[in-house]
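Asker: My structure is stored as final_35.cif, with mmCIF, C-alpha atoms.
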data_coords
loop_
_atom_site.group_PDB
_atom_site.id
_atom_site.type_symbol
_atom_site.label_atom_id
_atom_site.label_comp_id
_atom_site.auth_asym_id
_atom_site.auth_seq_id
_atom_site.Cartn_x
_atom_site.Cartn_y
_atom_site.Cartn_z
ATOM 1 C CA MET W 1076 82.866 -69.758 -133.111
ATOM 2 C CA PHE W 1077 81.085 -68.076 -136.015
ATOM 3 C CA VAL W 1078 80.372 -64.932 -133.997
ATOM 4 C CA ASP W 1079 83.626 -64.392 -132.116
ATOM 5 C CA GLY W 1080 86.090 -66.599 -133.981
ATOM 6 C CA GLU W 1081 86.862 -68.349 -130.675
ATOM 7 C CA TYR W 1082 85.742 -71.737 -129.434
ATOM 8 C CA CYS W 1083 86.464 -74.750 -127.263
ATOM 9 C CA ALA W 1084 87.640 -77.626 -129.475
ATOM 10 C CA ASP W 1085 87.179 -80.161 -126.684
ATOM 11 C CA PRO W 1086 83.470 -80.020 -125.720
ATOM 12 C CA HIS W 1087 83.151 -83.612 -124.465
ATOM 13 C CA PRO W 1088 81.071 -84.584 -121.406
ATOM 14 C CA GLY W 1089 84.118 -84.668 -119.136
ATOM 15 C CA ASN W 1090 84.585 -80.941 -119.804
ATOM 16 C CA ILE W 1091 80.936 -79.942 -119.360
ATOM 17 C CA ILE W 1092 79.237 -79.425 -116.016
ATOM 18 C CA LEU W 1093 75.469 -79.142 -115.629
ATOM 19 C CA ALA W 1094 74.620 -77.108 -112.533
ATOM 20 C CA ASP W 1095 71.547 -77.808 -110.396
ATOM 21 C CA ASP W 1096 69.978 -74.543 -111.618
ATOM 22 C CA GLY W 1097 70.267 -75.604 -115.285
ATOM 23 C CA ARG W 1098 73.322 -73.553 -116.169
ATOM 24 C CA VAL W 1099 76.056 -75.201 -118.204
ATOM 25 C CA GLY W 1100 79.711 -74.693 -117.395
ATOM 26 C CA PHE W 1101 82.781 -75.601 -119.408
ATOM 27 C CA VAL W 1102 86.120 -76.610 -117.876
ATOM 28 C CA ASP W 1103 89.547 -77.455 -119.318
ATOM 29 C CA PHE W 1104 90.380 -74.840 -121.913
ATOM 30 C CA GLY W 1105 93.516 -76.613 -123.144
ATOM 31 C CA LEU W 1106 92.042 -76.779 -126.656
ATOM 32 C CA TYR W 1107 90.606 -73.283 -126.707
ATOM 33 C CA ASN W 1108 91.114 -72.018 -130.255
ATOM 34 C CA GLN W 1109 90.724 -69.030 -132.477
ATOM 35 C CA ILE W 1110 89.896 -69.086 -136.170
ATOM 36 C CA ASP W 1111 90.262 -66.136 -138.517
ATOM 37 C CA ARG W 1112 87.380 -64.609 -140.457
ATOM 38 C CA GLU W 1113 88.532 -65.955 -143.833
ATOM 39 C CA HIS W 1114 88.353 -69.537 -142.589
ATOM 40 C CA LEU W 1115 85.078 -68.926 -140.759
ATOM 41 C CA GLU W 1116 83.534 -67.535 -143.911
ATOM 42 C CA LEU W 1117 84.690 -70.548 -145.922
ATOM 43 C CA GLU W 1118 83.127 -72.924 -143.393
ATOM 44 C CA ARG W 1119 79.916 -70.900 -143.321
ATOM 45 C CA GLN W 1120 79.685 -70.802 -147.126
ATOM 46 C CA VAL W 1121 80.282 -74.560 -147.414
ATOM 47 C CA LEU W 1122 77.653 -75.337 -144.784
ATOM 48 C CA CYS W 1123 75.099 -72.992 -146.383
ATOM 49 C CA ALA W 1124 75.745 -74.527 -149.807
ATOM 50 C CA ALA W 1125 75.389 -78.018 -148.334
ATOM 51 C CA ALA W 1126 72.176 -77.092 -146.497
ATOM 52 C CA ASP W 1127 70.762 -75.938 -149.828
ATOM 53 C CA TYR W 1128 72.062 -79.083 -151.641
ATOM 54 C CA ARG W 1129 74.371 -77.048 -153.906
ATOM 55 C CA ALA W 1130 76.944 -79.794 -154.496
ATOM 56 C CA ASP W 1131 78.788 -77.899 -157.235
ATOM 57 C CA GLU W 1132 79.293 -74.938 -154.907
ATOM 58 C CA VAL W 1133 80.611 -77.110 -152.044
ATOM 59 C CA HIS W 1134 83.084 -78.695 -154.476
ATOM 60 C CA ARG W 1135 84.056 -75.335 -156.024
ATOM 61 C CA LEU W 1136 84.703 -73.732 -152.625
ATOM 62 C CA TRP W 1137 86.816 -76.650 -151.488
ATOM 63 C CA ALA W 1138 88.725 -76.733 -154.788
ATOM 64 C CA GLU W 1139 89.413 -72.970 -154.665
ATOM 65 C CA HIS W 1140 90.942 -73.384 -151.213
ATOM 66 C CA GLY W 1141 92.973 -76.479 -152.063
ATOM 67 C CA ILE W 1142 90.890 -78.775 -149.875
ATOM 68 C CA VAL W 1143 90.055 -81.059 -152.825
ATOM 69 C CA ASP W 1144 91.812 -81.518 -156.135
ATOM 70 C CA PRO W 1145 89.217 -80.521 -158.754
ATOM 71 C CA HIS W 1146 90.747 -82.902 -161.308
ATOM 72 C CA HIS W 1147 91.204 -85.986 -159.144
ATOM 73 C CA GLY W 1148 89.246 -87.757 -156.467
ATOM 74 C CA ALA W 1149 85.993 -86.587 -154.950
ATOM 75 C CA GLY W 1150 83.463 -84.865 -157.161
ATOM 76 C CA PRO W 1151 80.641 -82.500 -156.183
ATOM 77 C CA ARG W 1152 78.205 -85.212 -155.151
ATOM 78 C CA GLU W 1153 80.759 -86.985 -152.929
ATOM 79 C CA CYS W 1154 81.714 -83.706 -151.253
ATOM 80 C CA LEU W 1155 78.076 -82.842 -150.547
ATOM 81 C CA GLU W 1156 77.329 -86.316 -149.177
ATOM 82 C CA TYR W 1157 80.374 -86.113 -146.924
ATOM 83 C CA VAL W 1158 79.316 -82.754 -145.468
ATOM 84 C CA TRP W 1159 75.815 -84.086 -144.841
ATOM 85 C CA SER W 1160 77.041 -87.297 -143.214
ATOM 86 C CA VAL W 1161 79.161 -85.320 -140.754
ATOM 87 C CA THR W 1162 77.099 -82.154 -140.160
ATOM 88 C CA GLY W 1163 73.622 -83.047 -141.403
ATOM 89 C CA TRP W 1164 72.299 -83.048 -137.856
ATOM 90 C CA HIS W 1165 72.251 -79.239 -137.909
ATOM 91 C CA LEU W 1166 71.601 -78.771 -141.623
ATOM 92 C CA LEU W 1167 68.281 -80.646 -141.666
ATOM 93 C CA ASP W 1168 65.360 -78.303 -140.925
ATOM 94 C CA GLU W 1169 63.343 -80.679 -138.746
ATOM 95 C CA ASP W 1170 63.498 -82.229 -135.292
ATOM 96 C CA VAL W 1171 66.414 -84.629 -134.955
ATOM 97 C CA THR W 1172 67.101 -86.819 -131.937
ATOM 98 C CA VAL W 1173 70.850 -87.188 -131.714
ATOM 99 C CA THR W 1174 71.438 -90.759 -130.630
ATOM 100 C CA PRO W 1175 74.758 -92.367 -129.751
ATOM 101 C CA GLU W 1176 74.468 -94.272 -133.040
ATOM 102 C CA ILE W 1177 74.081 -91.083 -135.112
ATOM 103 C CA ALA W 1178 77.015 -89.477 -133.317
ATOM 104 C CA THR W 1179 79.245 -92.530 -133.668
ATOM 105 C CA SER W 1180 78.358 -92.905 -137.332
ATOM 106 C CA ALA W 1181 79.287 -89.273 -138.056
ATOM 107 C CA VAL W 1182 82.624 -89.600 -136.262
ATOM 108 C CA VAL W 1183 83.459 -92.872 -138.015
ATOM 109 C CA LEU W 1184 82.451 -91.555 -141.446
ATOM 110 C CA ALA W 1185 84.531 -88.426 -140.906
ATOM 111 C CA THR W 1186 87.671 -90.018 -139.548
ATOM 112 C CA ASP W 1187 88.050 -93.769 -140.047
ATOM 113 C CA PRO W 1188 90.119 -94.528 -143.162
ATOM 114 C CA ARG W 1189 88.840 -98.120 -143.224
ATOM 115 C CA VAL W 1190 85.247 -97.102 -144.000
ATOM 116 C CA ALA W 1191 84.356 -97.538 -147.667
ATOM 117 C CA GLU W 1192 81.941 -94.585 -147.740
ATOM 118 C CA HIS W 1193 83.556 -91.277 -148.687
ATOM 119 C CA ARG W 1194 86.860 -92.952 -149.524
ATOM 120 C CA ASP W 1195 87.689 -90.239 -152.098
ATOM 121 C CA VAL W 1196 86.783 -87.448 -149.699
ATOM 122 C CA ARG W 1197 89.132 -88.780 -147.009
ATOM 123 C CA HIS W 1198 91.976 -87.138 -148.894
ATOM 124 C CA LEU W 1199 90.736 -83.665 -147.993
ATOM 125 C CA LEU W 1200 93.549 -81.250 -147.273
ATOM 126 C CA LEU W 1201 91.904 -79.314 -144.480
ATOM 127 C CA PRO W 1202 93.664 -76.125 -143.431
ATOM 128 C CA PRO W 1203 94.910 -76.588 -139.846
ATOM 129 C CA GLN W 1204 92.330 -74.134 -138.481
ATOM 130 C CA HIS W 1205 89.508 -76.313 -139.811
ATOM 131 C CA VAL W 1206 90.711 -79.493 -138.128
ATOM 132 C CA PHE W 1207 89.844 -78.237 -134.651
ATOM 133 C CA SER W 1208 86.579 -76.606 -135.707
ATOM 134 C CA ARG W 1209 85.458 -79.947 -137.173
ATOM 135 C CA ARG W 1210 86.580 -81.634 -133.957
ATOM 136 C CA ALA W 1211 84.438 -79.197 -131.949
ATOM 137 C CA ASP W 1212 81.450 -79.951 -134.173
ATOM 138 C CA LEU W 1213 81.862 -83.727 -133.845
ATOM 139 C CA PHE W 1214 82.465 -83.584 -130.087
ATOM 140 C CA THR W 1215 79.356 -81.422 -129.659
ATOM 141 C CA LEU W 1216 77.434 -84.033 -131.616
ATOM 142 C CA THR W 1217 78.745 -86.852 -129.412
ATOM 143 C CA ALA W 1218 77.851 -84.941 -126.226
ATOM 144 C CA LEU W 1219 74.310 -84.435 -127.542
ATOM 145 C CA GLY W 1220 74.192 -88.114 -128.477
ATOM 146 C CA GLN W 1221 75.039 -89.186 -124.949
ATOM 147 C CA ILE W 1222 71.941 -87.413 -123.635
ATOM 148 C CA GLU W 1223 69.874 -88.254 -126.758
ATOM 149 C CA ALA W 1224 68.887 -84.628 -127.172
ATOM 150 C CA THR W 1225 66.072 -83.720 -129.569
ATOM 151 C CA ASN W 1226 65.683 -80.383 -131.288
ATOM 152 C CA ASN W 1227 65.436 -78.749 -134.659
ATOM 153 C CA TRP W 1228 69.176 -78.004 -134.569
ATOM 154 C CA HIS W 1229 68.952 -76.131 -137.855
ATOM 155 C CA ARG W 1230 66.857 -73.317 -136.340
ATOM 156 C CA PRO W 1231 69.574 -72.110 -133.911
ATOM 157 C CA ALA W 1232 72.280 -72.889 -136.516
ATOM 158 C CA ARG W 1233 70.601 -70.373 -138.837
ATOM 159 C CA GLU W 1234 71.771 -67.642 -136.422
ATOM 160 C CA TRP W 1235 75.398 -68.200 -137.418
ATOM 161 C CA LEU W 1236 74.810 -69.623 -140.888
ATOM 162 C CA TYR W 1237 72.520 -66.865 -142.155
ATOM 163 C CA GLY W 1238 72.751 -64.135 -139.505
ATOM 164 C CA GLU W 1239 69.137 -64.610 -138.417
ATOM 165 C CA PRO W 1240 67.819 -63.480 -135.008
ATOM 166 C CA PRO W 1241 68.060 -65.954 -132.111
ATOM 167 C CA VAL W 1242 65.219 -68.473 -131.786
ATOM 168 C CA THR W 1243 66.001 -69.772 -128.298
ATOM 169 C CA GLU W 1244 65.786 -68.041 -124.945
ATOM 170 C CA ILE W 1245 69.492 -68.534 -124.288
ATOM 171 C CA GLY W 1246 70.264 -67.171 -127.764
ATOM 172 C CA ARG W 1247 68.220 -64.046 -127.016
ATOM 173 C CA GLN W 1248 69.952 -63.631 -123.639
ATOM 174 C CA ILE W 1249 73.381 -63.923 -125.252
ATOM 175 C CA ALA W 1250 72.411 -61.420 -127.973
ATOM 176 C CA GLY W 1251 71.181 -59.001 -125.292
ATOM 177 C CA TRP W 1252 74.368 -59.435 -123.272
ATOM 178 C CA ARG W 1253 76.473 -58.867 -126.403
ATOM 179 C CA ASP W 1254 74.509 -55.735 -127.354
ATOM 180 C CA GLU W 1255 74.870 -54.325 -123.836
ATOM 181 C CA ALA W 1256 78.595 -55.099 -123.760
ATOM 182 C CA LEU W 1257 79.099 -53.354 -127.094
ATOM 183 C CA ARG W 1258 77.215 -50.274 -125.853
ATOM 184 C CA ASN W 1259 79.456 -50.132 -122.787
ATOM 185 C CA ILE W 1260 82.697 -50.244 -124.718
ATOM 186 C CA ARG W 1261 84.191 -46.792 -124.635
ATOM 187 C CA PRO W 1262 86.920 -45.759 -127.078
ATOM 188 C CA ARG W 1263 90.246 -45.039 -125.447
ATOM 189 C CA ALA W 1264 91.498 -41.499 -125.631
#
Could you render the structure as C-alpha coordinates?

Answerer:
Amino acid sequence: MFVDGEYCADPHPGNIILADDGRVGFVDFGLYNQIDREHLELERQVLCAAADYRADEVHRLWAEHGIVDPHHGAGPRECLEYVWSVTGWHLLDEDVTVTPEIATSAVVLATDPRVAEHRDVRHLLLPPQHVFSRRADLFTLTALGQIEATNNWHRPAREWLYGEPPVTEIGRQIAGWRDEALRNIRPRA
(Lines of atoms letter the chains of each structure in order from A and count residues from 1; the text may use other names and numbers.)
(Lines give C-alpha, C1' and ligand atoms only; values in the text may rest on other atoms or scores of the structure.)
Protein backbone atom coordinates (compact mmCIF):
# COMPACT_ATOMS: atom_id res chain seq x y z
CA MET A 1 0.00 0.00 0.00
CA PHE A 2 2.68 2.51 0.97
CA VAL A 3 4.76 1.77 -2.12
CA ASP A 4 2.13 1.51 -4.85
CA GLY A 5 -0.93 3.10 -3.27
CA GLU A 6 -2.84 -0.14 -3.98
CA TYR A 7 -3.83 -2.91 -1.61
CA CYS A 8 -6.26 -5.68 -0.76
CA ALA A 9 -8.57 -4.51 2.04
CA ASP A 10 -9.81 -8.04 2.70
CA PRO A 11 -6.71 -10.10 3.65
CA HIS A 12 -8.49 -12.68 5.83
CA PRO A 13 -7.56 -16.39 5.85
CA GLY A 14 -10.38 -17.30 3.48
CA ASN A 15 -8.72 -15.11 0.83
CA ILE A 16 -5.16 -16.37 1.38
CA ILE A 17 -3.79 -19.61 -0.02
CA LEU A 18 -0.51 -21.14 1.15
CA ALA A 19 0.99 -23.28 -1.61
CA ASP A 20 2.99 -26.44 -0.90
CA ASP A 21 6.17 -24.67 -2.07
CA GLY A 22 5.72 -21.86 0.49
CA ARG A 23 4.33 -19.24 -1.87
CA VAL A 24 1.36 -17.20 -0.73
CA GLY A 25 -1.52 -16.42 -3.05
CA PHE A 26 -4.39 -13.99 -2.62
CA VAL A 27 -7.88 -14.53 -4.05
CA ASP A 28 -11.07 -12.44 -4.10
CA PHE A 29 -10.12 -8.92 -5.08
CA GLY A 30 -13.58 -7.47 -4.43
CA LEU A 31 -12.09 -5.05 -1.88
CA TYR A 32 -9.01 -4.15 -3.88
CA ASN A 33 -8.41 -0.45 -3.22
CA GLN A 34 -6.27 2.47 -4.15
CA ILE A 35 -5.24 5.31 -1.87
CA ASP A 36 -3.75 8.59 -3.03
CA ARG A 37 -0.32 9.84 -1.97
CA GLU A 38 -1.68 12.59 0.29
CA HIS A 39 -3.56 10.07 2.41
CA LEU A 40 -0.67 7.61 2.38
CA GLU A 41 1.68 10.31 3.60
CA LEU A 42 -0.70 11.25 6.41
CA GLU A 43 -0.91 7.62 7.54
CA ARG A 44 2.86 7.23 7.33
CA GLN A 45 3.48 10.44 9.31
CA VAL A 46 1.00 9.42 12.02
CA LEU A 47 2.53 5.96 12.35
CA CYS A 48 6.09 7.35 12.48
CA ALA A 49 5.06 9.90 15.12
CA ALA A 50 3.35 7.16 17.13
CA ALA A 51 6.36 4.83 16.84
CA ASP A 52 8.49 7.63 18.27
CA TYR A 53 5.89 8.40 21.02
CA ARG A 54 5.26 11.93 19.69
CA ALA A 55 1.69 12.26 20.98
CA ASP A 56 1.42 15.97 20.19
CA GLU A 57 2.36 15.32 16.57
CA VAL A 58 -0.19 12.49 16.17
CA HIS A 59 -2.88 14.80 17.58
CA ARG A 60 -1.75 17.77 15.45
CA LEU A 61 -1.76 15.72 12.23
CA TRP A 62 -5.21 14.35 12.95
CA ALA A 63 -6.53 17.79 13.91
CA GLU A 64 -5.11 19.40 10.74
CA HIS A 65 -6.95 16.82 8.64
CA GLY A 66 -10.23 17.05 10.55
CA ILE A 67 -9.92 13.56 12.02
CA VAL A 68 -10.15 14.89 15.59
CA ASP A 69 -11.55 18.15 16.90
CA PRO A 70 -8.58 19.87 18.58
CA HIS A 71 -10.89 21.65 21.04
CA HIS A 72 -13.14 18.76 22.05
CA GLY A 73 -12.70 15.10 22.82
CA ALA A 74 -9.49 13.14 22.52
CA GLY A 75 -6.23 14.81 23.42
CA PRO A 76 -2.69 13.92 22.33
CA ARG A 77 -2.20 11.14 24.85
CA GLU A 78 -5.51 9.44 23.97
CA CYS A 79 -4.72 9.62 20.25
CA LEU A 80 -1.27 8.09 20.76
CA GLU A 81 -2.64 5.31 22.97
CA TYR A 82 -5.30 4.53 20.39
CA VAL A 83 -2.76 4.23 17.57
CA TRP A 84 -0.60 1.96 19.71
CA SER A 85 -3.50 -0.26 20.77
CA VAL A 86 -4.46 -0.85 17.14
CA THR A 87 -1.10 -0.83 15.32
CA GLY A 88 1.47 -1.33 18.08
CA TRP A 89 2.23 -4.81 16.81
CA HIS A 90 4.31 -3.30 14.00
CA LEU A 91 5.47 -0.18 15.83
CA LEU A 92 7.26 -2.02 18.65
CA ASP A 93 10.89 -2.76 17.73
CA GLU A 94 11.10 -6.24 19.23
CA ASP A 95 9.81 -9.74 18.56
CA VAL A 96 6.04 -9.95 18.97
CA THR A 97 4.00 -13.14 18.77
CA VAL A 98 0.64 -12.17 17.37
CA THR A 99 -1.87 -14.28 19.24
CA PRO A 100 -5.61 -14.51 18.61
CA GLU A 101 -6.06 -12.55 21.85
CA ILE A 102 -3.83 -9.67 20.68
CA ALA A 103 -5.61 -9.55 17.33
CA THR A 104 -9.08 -9.67 18.87
CA SER A 105 -8.18 -7.00 21.40
CA ALA A 106 -6.94 -4.65 18.66
CA VAL A 107 -10.10 -5.14 16.59
CA VAL A 108 -12.37 -4.64 19.60
CA LEU A 109 -10.49 -1.55 20.79
CA ALA A 110 -10.62 -0.06 17.30
CA THR A 111 -14.24 -0.75 16.49
CA ASP A 112 -16.51 -1.66 19.40
CA PRO A 113 -18.35 1.42 20.70
CA ARG A 114 -19.19 -0.37 23.96
CA VAL A 115 -15.55 -0.56 25.09
CA ALA A 116 -14.68 2.08 27.68
CA GLU A 117 -11.07 2.46 26.51
CA HIS A 118 -10.56 5.12 23.84
CA ARG A 119 -14.15 6.33 24.15
CA ASP A 120 -13.15 9.87 23.09
CA VAL A 121 -11.13 8.60 20.14
CA ARG A 122 -14.07 6.60 18.78
CA HIS A 123 -15.40 9.84 17.33
CA LEU A 124 -12.59 9.99 14.78
CA LEU A 125 -13.73 11.30 11.42
CA LEU A 126 -11.59 9.10 9.23
CA PRO A 127 -11.46 10.07 5.56
CA PRO A 128 -13.11 7.26 3.55
CA GLN A 129 -9.76 6.16 2.09
CA HIS A 130 -8.43 5.46 5.58
CA VAL A 131 -11.30 3.20 6.60
CA PHE A 132 -10.24 0.43 4.23
CA SER A 133 -6.52 0.83 4.92
CA ARG A 134 -7.23 0.39 8.64
CA ARG A 135 -9.38 -2.62 7.79
CA ALA A 136 -6.48 -4.13 5.82
CA ASP A 137 -4.16 -3.57 8.78
CA LEU A 138 -6.55 -5.18 11.27
CA PHE A 139 -7.35 -8.11 8.98
CA THR A 140 -3.62 -8.72 8.44
CA LEU A 141 -3.22 -8.73 12.20
CA THR A 142 -6.04 -11.26 12.64
CA ALA A 143 -4.58 -13.54 9.94
CA LEU A 144 -1.20 -13.45 11.72
CA GLY A 145 -2.98 -14.13 15.00
CA GLN A 146 -4.61 -17.26 13.64
CA ILE A 147 -1.19 -18.77 12.93
CA GLU A 148 0.40 -17.15 16.03
CA ALA A 149 3.21 -15.73 13.94
CA THR A 150 6.29 -14.31 15.66
CA ASN A 151 8.57 -11.67 14.21
CA ASN A 152 9.98 -8.25 14.81
CA TRP A 153 7.23 -6.73 12.65
CA HIS A 154 8.74 -3.28 13.02
CA ARG A 155 11.85 -4.20 11.01
CA PRO A 156 9.98 -4.86 7.73
CA ALA A 157 7.55 -2.00 8.52
CA ARG A 158 10.53 0.38 8.52
CA GLU A 159 10.77 -0.21 4.75
CA TRP A 160 7.52 1.69 4.16
CA LEU A 161 7.59 3.88 7.26
CA TYR A 162 11.11 5.24 6.80
CA GLY A 163 12.12 4.13 3.29
CA GLU A 164 14.79 1.76 4.60
CA PRO A 165 16.17 -1.16 2.55
CA PRO A 166 14.37 -4.51 2.82
CA VAL A 167 15.37 -6.76 5.73
CA THR A 168 13.68 -9.97 4.58
CA GLU A 169 14.46 -12.23 1.65
CA ILE A 170 11.02 -11.69 0.14
CA GLY A 171 11.44 -7.93 0.58
CA ARG A 172 14.75 -8.06 -1.29
CA GLN A 173 13.19 -10.17 -4.06
CA ILE A 174 10.32 -7.72 -4.45
CA ALA A 175 12.73 -4.76 -4.52
CA GLY A 176 14.80 -6.53 -7.20
CA TRP A 177 11.69 -7.31 -9.24
CA ARG A 178 10.53 -3.69 -8.94
CA ASP A 179 13.95 -2.34 -9.98
CA GLU A 180 14.06 -4.66 -12.99
CA ALA A 181 10.51 -3.73 -14.01
CA LEU A 182 11.34 -0.04 -13.81
CA ARG A 183 14.45 -0.55 -15.97
CA ASN A 184 12.35 -2.33 -18.59
CA ILE A 185 9.75 0.40 -18.87
CA ARG A 186 10.34 2.20 -22.12
CA PRO A 187 8.84 5.63 -22.78
CA ARG A 188 6.27 5.68 -25.55
CA ALA A 189 7.13 7.65 -28.63

Asker: Need the shell around Asp1111 of chain W: protein/DNA/RNA residues with any atom at most 8 Å away, counting only C-alpha atoms. Skip same-chain ones fewer than 3 positions apart. Format as a CSV table (one decimal) with C-alpha atoms, keeping the file's coordinate frame?

Answerer:
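Wrote around-v4.csv, looks like this:
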chain,number,residue,atom,x,y,z
W,1080,GLY,CA,86.1,-66.6,-134.0
W,1114,HIS,CA,88.4,-69.5,-142.6
W,1115,LEU,CA,85.1,-68.9,-140.8

Asker: Evaluate the PyMOL selection byres ((chain W and resi 1158) around 12) against this structure - the residues, as a ChimeraX atom specification, please.

Answerer: /W:1118,1121-1130,1133-1134,1137,1151-1157,1159-1167,1181-1182,1184-1185,1193,1196-1197,1199,1209,1212-1213

Asker: Using all atoms listed in the file for the distances, tell me which of W:Gly1089, W:Pro1231, W:Asp1187, W:Glu1176 is nearest to Ile1245 of chain W.

Answerer: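 Of the candidates, the smallest distance to Ile1245 of chain W is held by W:Pro1231.
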
Asker: Can you spell out as a PyMOL selection string the set of residues that the PyMOL selection byres ((chain W and resi 1178) around 6) selects in the structure I just provided?

Answerer: chain W and resi 1175-1177+1179-1181+1216-1217+1220

Asker: So how many Å separate atom CA of Val1173 of chain W and atom CA of Val1102 of chain W, to one decimal?

Answerer: 23.2 Å

Asker: Please indicate the distance in Å from atom CA of Phe1214 of chain W to atom CA of Ile1091 of chain W, rounded to one decimal place.

Answerer: 11.4 Å

Asker: Which residue, W:Ile1260, W:Leu1200, W:Val1206, W:Asp1168, has the smallest gap to Arg1230 of chain W when you use all atoms listed in the file?

Answerer: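 Of the candidates, the smallest distance to Arg1230 of chain W is held by W:Asp1168.
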
Asker: Atom CA of Leu1106 of chain W and atom CA of His1140 of chain W are how many Å apart?

Answerer: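 Going from atom CA of Leu1106 of chain W over to atom CA of His1140 of chain W, I get 24.8 Å.
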
Asker: Smallest atom-to-atom distance to Gln1204 of chain W: which of W:His1087, W:Arg1098, W:Arg1233, W:Arg1112, using only C-alpha atoms?

Answerer: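 Checking each candidate against Gln1204 of chain W, we get W:Arg1112 as the closest.
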
Asker: With all atoms listed in the file as the basis for distance, which of W:Phe1077, W:Gly1097, W:Trp1252, W:Pro1145 is at the shortest distance from Glu1113 of chain W?

Answerer: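 Checking each of W:Phe1077, W:Gly1097, W:Trp1252, W:Pro1145 against Glu1113 of chain W, counting all atoms listed in the file, the winner is W:Phe1077.
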
Asker: Find, counting all atoms listed in the file, the residue in W:Leu1117, W:Thr1243, W:Cys1083, W:Trp1228 that gets nearest to Glu1139 of chain W.

Answerer: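 The shortest atom-to-atom distance to Glu1139 of chain W comes from W:Leu1117.
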
Asker: Enclose segment 1127-1130 of chain W, meaning all of its atoms listed in the file, in a box aligned along x, y and z, pad it by 5 Å on each side, and list the centre and edge lengths in Å to one decimal, as AutoDock Vina command-line options.

Answerer:
--center_x 73.9 --center_y -77.9 --center_z -152.2 --size_x 16.2 --size_y 13.9 --size_z 14.7

Asker: Find the residue from W:Gln1109, W:Asp1195, W:Gln1221, W:Ala1256 that sits nearest to Asp1144 of chain W; use only C-alpha atoms when measuring.

Answerer: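 Selected residue with least distance to Asp1144 of chain W: W:Asp1195.
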
Asker: Near Tyr1082 of chain W, counting only C-alpha atoms, which residues have an atom at most 7 Å away, once you skip same-chain residues fewer than 4 positions from it, shown as a PyMOL selection string?

Answerer: chain W and resi 1076+1107-1109
